[in-house]
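Here is model-v8.csv, consisting of CSV, N, CA and C atoms:
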chain,number,residue,atom,x,y,z
L,273,MET,N,11.5,-6.4,42.8
L,273,MET,CA,11.4,-5.7,41.5
L,273,MET,C,9.9,-5.5,41.2
L,274,ALA,N,9.5,-4.3,40.9
L,274,ALA,CA,8.1,-4.1,40.5
L,274,ALA,C,7.9,-4.3,39.0
L,275,SER,N,6.9,-5.0,38.7
L,275,SER,CA,6.6,-5.3,37.3
L,275,SER,C,5.8,-4.1,36.7
L,276,ILE,N,6.2,-3.7,35.6
L,276,ILE,CA,5.5,-2.7,34.8
L,276,ILE,C,4.6,-3.4,33.8
L,277,SER,N,3.3,-3.1,34.0
L,277,SER,CA,2.4,-3.7,33.1
L,277,SER,C,2.2,-2.8,31.8
L,278,VAL,N,2.2,-3.4,30.7
L,278,VAL,CA,2.1,-2.8,29.5
L,278,VAL,C,0.6,-2.8,29.1
L,279,LEU,N,0.0,-1.7,28.9
L,279,LEU,CA,-1.4,-1.6,28.5
L,279,LEU,C,-1.6,-1.9,27.1
L,280,ARG,N,-2.3,-2.9,26.8
L,280,ARG,CA,-2.6,-3.3,25.4
L,280,ARG,C,-4.1,-2.9,25.1
L,281,PRO,N,-4.3,-2.4,23.9
L,281,PRO,CA,-5.7,-2.1,23.6
L,281,PRO,C,-6.5,-3.4,23.5
L,282,ARG,N,-7.8,-3.2,24.0
L,282,ARG,CA,-8.7,-4.4,24.0
L,282,ARG,C,-9.1,-4.7,22.5
L,283,LYS,N,-9.3,-5.9,22.2
L,283,LYS,CA,-9.8,-6.3,20.9
L,283,LYS,C,-11.3,-6.4,21.0
L,284,SER,N,-11.9,-5.7,20.1
L,284,SER,CA,-13.4,-5.8,20.0
L,284,SER,C,-13.8,-6.6,18.8
L,285,ARG,N,-14.5,-7.6,19.0
L,285,ARG,CA,-15.0,-8.5,17.9
L,285,ARG,C,-16.0,-7.7,17.1
L,286,VAL,N,-16.9,-7.0,17.8
L,286,VAL,CA,-17.9,-6.2,17.1
L,286,VAL,C,-17.3,-5.2,16.2
L,287,LEU,N,-16.3,-4.4,16.7
L,287,LEU,CA,-15.7,-3.4,15.9
L,287,LEU,C,-14.9,-4.0,14.7
L,288,THR,N,-14.3,-5.1,14.9
L,288,THR,CA,-13.6,-5.8,13.9
L,288,THR,C,-14.6,-6.2,12.8
L,289,ILE,N,-15.8,-6.8,13.1
L,289,ILE,CA,-16.8,-7.2,12.2
L,289,ILE,C,-17.3,-5.9,11.4
L,290,VAL,N,-17.6,-4.9,12.2
L,290,VAL,CA,-18.1,-3.6,11.5
L,290,VAL,C,-17.1,-3.1,10.5
L,291,MET,N,-15.8,-3.1,10.9
L,291,MET,CA,-14.8,-2.6,10.0
L,291,MET,C,-14.6,-3.5,8.8
L,292,ALA,N,-14.7,-4.8,9.0
L,292,ALA,CA,-14.6,-5.7,7.8
L,292,ALA,C,-15.8,-5.5,6.9
L,293,LEU,N,-17.0,-5.2,7.4
L,293,LEU,CA,-18.1,-4.9,6.5
L,293,LEU,C,-17.9,-3.6,5.8
L,294,TYR,N,-17.4,-2.6,6.5
L,294,TYR,CA,-17.1,-1.3,5.9
L,294,TYR,C,-16.0,-1.5,4.8
L,295,LEU,N,-15.0,-2.3,5.0
L,295,LEU,CA,-14.0,-2.6,4.0
L,295,LEU,C,-14.6,-3.2,2.8
L,296,LEU,N,-15.5,-4.2,2.9
L,296,LEU,CA,-16.2,-4.7,1.8
L,296,LEU,C,-17.1,-3.7,1.1
L,297,TYR,N,-17.7,-2.9,1.8
L,297,TYR,CA,-18.6,-1.8,1.3
L,297,TYR,C,-17.9,-0.9,0.4
L,298,THR,N,-16.6,-0.6,0.8
L,298,THR,CA,-15.8,0.4,0.0
L,298,THR,C,-15.0,-0.3,-1.1
L,299,LEU,N,-14.6,-1.5,-1.0
L,299,LEU,CA,-13.8,-2.1,-2.0
L,299,LEU,C,-14.6,-2.8,-3.1
L,300,VAL,N,-15.8,-3.3,-2.8
L,300,VAL,CA,-16.5,-4.0,-3.9
L,300,VAL,C,-16.9,-3.1,-5.0
L,301,PRO,N,-17.3,-1.9,-4.8
L,301,PRO,CA,-17.6,-1.0,-6.0
L,301,PRO,C,-16.3,-0.7,-6.8
L,302,LEU,N,-15.2,-0.6,-6.1
L,302,LEU,CA,-13.9,-0.3,-6.8
L,302,LEU,C,-13.6,-1.5,-7.7
L,303,ALA,N,-13.7,-2.7,-7.1
L,303,ALA,CA,-13.5,-3.9,-7.9
L,303,ALA,C,-14.4,-4.0,-9.1
L,304,TRP,N,-15.7,-3.7,-8.9
L,304,TRP,CA,-16.7,-3.7,-9.9
L,304,TRP,C,-16.3,-2.8,-11.0
L,305,LEU,N,-15.8,-1.6,-10.7
L,305,LEU,CA,-15.4,-0.6,-11.6
L,305,LEU,C,-14.2,-1.1,-12.5
L,306,VAL,N,-13.2,-1.7,-11.8
L,306,VAL,CA,-12.0,-2.1,-12.5
L,306,VAL,C,-12.4,-3.3,-13.4
L,307,ILE,N,-13.2,-4.2,-12.9
L,307,ILE,CA,-13.6,-5.4,-13.7
L,307,ILE,C,-14.5,-5.0,-14.9
L,308,SER,N,-15.4,-4.0,-14.7
L,308,SER,CA,-16.2,-3.5,-15.8
L,308,SER,C,-15.4,-2.8,-16.9
L,309,ALA,N,-14.3,-2.2,-16.5
L,309,ALA,CA,-13.5,-1.5,-17.5
L,309,ALA,C,-12.8,-2.4,-18.4
L,310,THR,N,-12.7,-3.7,-18.1
L,310,THR,CA,-12.0,-4.7,-18.9
L,310,THR,C,-13.0,-5.4,-19.9
L,311,LYS,N,-14.3,-5.1,-19.9
L,311,LYS,CA,-15.3,-5.8,-20.7
L,311,LYS,C,-15.7,-5.0,-21.9
L,312,THR,N,-16.1,-5.7,-22.9
L,312,THR,CA,-16.8,-5.0,-24.0
L,312,THR,C,-18.2,-4.7,-23.6
L,313,GLN,N,-18.9,-3.9,-24.4
L,313,GLN,CA,-20.2,-3.5,-24.0
L,313,GLN,C,-21.2,-4.7,-24.0
L,314,PRO,N,-21.2,-5.6,-25.0
L,314,PRO,CA,-22.0,-6.7,-25.0
L,314,PRO,C,-21.7,-7.6,-23.7
L,315,ALA,N,-20.4,-7.8,-23.4
L,315,ALA,CA,-20.1,-8.6,-22.2
L,315,ALA,C,-20.5,-7.9,-21.0
L,316,LEU,N,-20.5,-6.6,-21.0
L,316,LEU,CA,-20.9,-5.8,-19.8
L,316,LEU,C,-22.3,-6.0,-19.5
L,317,LEU,N,-23.1,-6.1,-20.5
L,317,LEU,CA,-24.6,-6.3,-20.4
L,317,LEU,C,-25.0,-7.7,-20.2
L,318,SER,N,-24.2,-8.7,-20.6
L,318,SER,CA,-24.6,-10.1,-20.5
L,318,SER,C,-23.9,-10.9,-19.4
L,319,THR,N,-22.9,-10.4,-18.7
L,319,THR,CA,-22.3,-11.1,-17.6
L,319,THR,C,-22.6,-10.5,-16.3
L,320,PRO,N,-22.5,-11.3,-15.2
L,320,PRO,CA,-22.7,-10.7,-13.9
L,320,PRO,C,-21.6,-9.6,-13.6
L,321,GLY,N,-21.9,-8.7,-12.7
L,321,GLY,CA,-21.1,-7.5,-12.5
L,321,GLY,C,-19.7,-7.8,-12.1
L,322,LEU,N,-19.5,-8.7,-11.2
L,322,LEU,CA,-18.1,-9.0,-10.6
L,322,LEU,C,-17.4,-10.2,-11.3
L,323,SER,N,-18.0,-10.7,-12.4
L,323,SER,CA,-17.3,-11.8,-13.1
L,323,SER,C,-16.6,-11.3,-14.3
L,324,LEU,N,-15.4,-11.9,-14.5
L,324,LEU,CA,-14.7,-11.6,-15.7
L,324,LEU,C,-15.3,-12.4,-16.9
L,325,GLY,N,-15.6,-11.8,-17.9
L,325,GLY,CA,-16.3,-12.5,-19.0
L,325,GLY,C,-16.0,-11.8,-20.4
L,326,GLY,N,-15.9,-12.6,-21.4
L,326,GLY,CA,-15.7,-12.0,-22.7
L,326,GLY,C,-14.3,-11.7,-22.9
L,327,PRO,N,-14.0,-11.0,-24.0
L,327,PRO,CA,-12.6,-10.7,-24.3
L,327,PRO,C,-12.1,-9.5,-23.4
L,328,PHE,N,-10.8,-9.5,-23.2
L,328,PHE,CA,-10.2,-8.4,-22.4
L,328,PHE,C,-10.1,-7.2,-23.2
L,329,ALA,N,-10.8,-6.1,-22.9
L,329,ALA,CA,-10.9,-4.9,-23.7
L,329,ALA,C,-10.5,-3.7,-23.0
L,330,LEU,N,-9.7,-3.7,-22.0
L,330,LEU,CA,-9.3,-2.5,-21.2
L,330,LEU,C,-8.6,-1.5,-22.1
L,331,PHE,N,-7.6,-1.9,-22.9
L,331,PHE,CA,-6.9,-0.9,-23.7
L,331,PHE,C,-7.7,-0.4,-24.8
L,332,ASP,N,-8.6,-1.2,-25.4
L,332,ASP,CA,-9.5,-0.7,-26.4
L,332,ASP,C,-10.5,0.3,-25.8
L,333,ASN,N,-11.0,0.0,-24.6
L,333,ASN,CA,-11.9,1.0,-23.9
L,333,ASN,C,-11.2,2.3,-23.6
L,334,ILE,N,-10.0,2.2,-23.2
L,334,ILE,CA,-9.2,3.5,-22.9
L,334,ILE,C,-9.0,4.3,-24.2
L,335,ALA,N,-8.6,3.6,-25.2
L,335,ALA,CA,-8.4,4.3,-26.5
L,335,ALA,C,-9.7,4.9,-27.0
L,336,GLU,N,-10.8,4.2,-26.9
L,336,GLU,CA,-12.1,4.7,-27.3
L,336,GLU,C,-12.5,5.9,-26.4
L,337,THR,N,-12.2,5.9,-25.2
L,337,THR,CA,-12.5,7.0,-24.3
L,337,THR,C,-11.8,8.3,-24.7
L,338,PHE,N,-10.5,8.1,-25.0
L,338,PHE,CA,-9.7,9.3,-25.4
L,338,PHE,C,-10.0,9.8,-26.8
L,339,THR,N,-10.5,9.0,-27.6
L,339,THR,CA,-10.9,9.5,-29.0
L,339,THR,C,-12.3,9.8,-29.2
L,340,TYR,N,-13.1,9.7,-28.1
L,340,TYR,CA,-14.6,9.9,-28.2
L,340,TYR,C,-14.8,11.4,-28.6
L,341,ASN,N,-15.6,11.6,-29.5
L,341,ASN,CA,-16.1,13.0,-29.9
L,341,ASN,C,-14.9,13.9,-30.1
L,342,HIS,N,-13.9,13.5,-30.8
L,342,HIS,CA,-12.7,14.2,-31.2
L,342,HIS,C,-11.9,14.6,-29.9
L,343,GLY,N,-11.8,13.8,-28.9
L,343,GLY,CA,-11.0,14.0,-27.8
L,343,GLY,C,-11.6,14.9,-26.7
L,344,ILE,N,-13.0,15.0,-26.6
L,344,ILE,CA,-13.6,15.9,-25.6
L,344,ILE,C,-13.3,15.5,-24.2
L,345,PHE,N,-12.9,14.2,-24.0
L,345,PHE,CA,-12.5,13.8,-22.7
L,345,PHE,C,-11.4,14.6,-22.1
L,346,PHE,N,-10.4,15.0,-23.0
L,346,PHE,CA,-9.3,15.8,-22.5
L,346,PHE,C,-9.8,17.2,-22.0
L,347,ARG,N,-10.8,17.7,-22.7
L,347,ARG,CA,-11.4,19.0,-22.2
L,347,ARG,C,-12.0,18.8,-20.9
L,348,TRP,N,-12.8,17.7,-20.7
L,348,TRP,CA,-13.4,17.4,-19.4
L,348,TRP,C,-12.4,17.3,-18.3
L,349,LEU,N,-11.3,16.5,-18.7
L,349,LEU,CA,-10.3,16.3,-17.7
L,349,LEU,C,-9.6,17.6,-17.3
L,350,GLY,N,-9.3,18.5,-18.3
L,350,GLY,CA,-8.7,19.8,-18.1
L,350,GLY,C,-9.6,20.7,-17.2
L,351,ASN,N,-10.9,20.7,-17.5
L,351,ASN,CA,-11.9,21.4,-16.6
L,351,ASN,C,-11.8,20.9,-15.2
L,352,THR,N,-11.8,19.6,-15.0
L,352,THR,CA,-11.7,19.1,-13.7
L,352,THR,C,-10.5,19.5,-13.0
L,353,LEU,N,-9.3,19.4,-13.7
L,353,LEU,CA,-8.1,19.8,-13.1
L,353,LEU,C,-8.1,21.3,-12.7
L,354,LEU,N,-8.6,22.1,-13.6
L,354,LEU,CA,-8.7,23.5,-13.3
L,354,LEU,C,-9.5,23.8,-12.0
L,355,TYR,N,-10.7,23.2,-11.9
L,355,TYR,CA,-11.5,23.4,-10.7
L,355,TYR,C,-10.8,22.9,-9.5
L,356,VAL,N,-10.1,21.7,-9.6
L,356,VAL,CA,-9.4,21.2,-8.4
L,356,VAL,C,-8.2,22.1,-8.0
L,357,VAL,N,-7.4,22.6,-9.0
L,357,VAL,CA,-6.3,23.5,-8.6
L,357,VAL,C,-6.8,24.8,-8.1
L,358,VAL,N,-7.8,25.4,-8.7
L,358,VAL,CA,-8.3,26.7,-8.2
L,358,VAL,C,-8.9,26.5,-6.8
L,359,GLY,N,-9.7,25.4,-6.7
L,359,GLY,CA,-10.4,25.2,-5.4
L,359,GLY,C,-9.4,24.9,-4.3
L,360,ALA,N,-8.4,24.0,-4.5
L,360,ALA,CA,-7.4,23.7,-3.5
L,360,ALA,C,-6.5,24.9,-3.3
L,361,GLY,N,-6.1,25.6,-4.3
L,361,GLY,CA,-5.3,26.8,-4.1
L,361,GLY,C,-6.0,27.8,-3.3
L,362,GLY,N,-7.3,28.1,-3.7
L,362,GLY,CA,-8.0,29.1,-2.9
L,362,GLY,C,-8.2,28.7,-1.4
L,363,ALA,N,-8.5,27.4,-1.2
L,363,ALA,CA,-8.7,26.9,0.2
L,363,ALA,C,-7.4,27.0,0.9
L,364,THR,N,-6.2,26.8,0.3
L,364,THR,CA,-4.9,26.9,0.9
L,364,THR,C,-4.6,28.3,1.3
L,365,ILE,N,-4.9,29.2,0.4
L,365,ILE,CA,-4.6,30.6,0.6
L,365,ILE,C,-5.5,31.1,1.8
L,366,LEU,N,-6.8,30.8,1.8
L,366,LEU,CA,-7.7,31.2,2.8
L,366,LEU,C,-7.3,30.6,4.2
L,367,ALA,N,-6.9,29.3,4.2
L,367,ALA,CA,-6.5,28.7,5.4
L,367,ALA,C,-5.2,29.3,6.0
L,368,THR,N,-4.2,29.6,5.1
L,368,THR,CA,-3.0,30.3,5.5
L,368,THR,C,-3.3,31.7,6.1
L,369,ALA,N,-4.1,32.4,5.4
L,369,ALA,CA,-4.5,33.8,5.9
L,369,ALA,C,-5.2,33.7,7.3
L,370,ALA,N,-6.1,32.7,7.4
L,370,ALA,CA,-6.8,32.5,8.7
L,370,ALA,C,-5.8,32.1,9.8
L,371,GLY,N,-4.9,31.2,9.4
L,371,GLY,CA,-3.9,30.7,10.4
L,371,GLY,C,-3.0,31.8,10.9
L,372,TYR,N,-2.6,32.7,9.9
L,372,TYR,CA,-1.8,33.8,10.3
L,372,TYR,C,-2.5,34.8,11.2
L,373,GLY,N,-3.8,35.0,10.9
L,373,GLY,CA,-4.6,35.9,11.7
L,373,GLY,C,-4.8,35.4,13.1
L,374,LEU,N,-5.1,34.1,13.2
L,374,LEU,CA,-5.2,33.5,14.5
L,374,LEU,C,-3.9,33.4,15.3
L,375,ALA,N,-2.8,33.3,14.7
L,375,ALA,CA,-1.5,33.2,15.4
L,375,ALA,C,-1.1,34.6,15.8
L,376,LYS,N,-1.3,35.6,15.0
L,376,LYS,CA,-0.8,36.9,15.2
L,376,LYS,C,-1.6,37.7,16.2
L,377,TYR,N,-2.9,37.6,16.1
L,377,TYR,CA,-3.8,38.5,16.9
L,377,TYR,C,-4.5,37.6,17.9
L,378,ARG,N,-4.9,38.2,19.0
L,378,ARG,CA,-5.6,37.5,20.1
L,378,ARG,C,-7.0,37.4,19.8

Taking this structure as input, can you express it in the form of structure tokens?
Amino acid sequence: MASISVLRPRKSRVLTIVMALYLLYTLVPLAWLVISATKTQPALLSTPGLSLGGPFALFDNIAETFTYNHGIFFRWLGNTLLYVVVGAGGATILATAAGYGLAKYR
């Protein structure tokens, strides 16, 4: 009976280390953002970036953001959504037309 060898991908320690460093590089700023959103402004300026310090103020910060300057954040959010929808919709229509043209004609 002939044995069938199953090819397994080689494990690269260098690639694993590089990917772990990349993971840290991408996740540390996200963690800093989430942790900073839970601090008051004095705590934000007086504590180290990735440490939890002072009172938990996430919900107060969210409420202050939405009520800032009579709710201008909602206008900014609406503008962003408009640009995203128009941009993504336009790109989808152009890609569909290009795909049709490439499929239909030689």

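Atom pair atom CA of Ser323 of chain L / atom CA of Thr337 of chain L has a distance of 22.4 Å (rounded to one decimal).
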
Between atom CA of Leu322 of chain L and atom C of Pro301 of chain L, what is the spacing in Å?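 Separation of atom C of Pro301 of chain L and atom CA of Leu322 of chain L: 9.3 Å.
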
DSSP-assigned helix (DSSP H, G or I) members of chain L, reported as a ChimeraX atom specification: /L:285-309,313-318,330-342,344-376

Hey, can you check how far atom C of Ala329 of chain L sits from atom CA of Leu305 of chain L?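 Computing the Euclidean distance for atom C of Ala329 of chain L and atom CA of Leu305 of chain L yields 12.8 Å.
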
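Shortest separation to Lys311 of chain L among L:Leu287, L:Leu296, L:Leu330, L:Ala370 occurs at residue L:Leu330, atoms counted being all atoms listed in the file.
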
Rank L:Ala309, L:Leu295, L:Ala360, L:Ile344 by their smallest atom-to-atom distance to Phe328 of chain L, using only N, CA and C atoms, and report the top residue only.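 The closest residue to Phe328 of chain L is L:Ala309.
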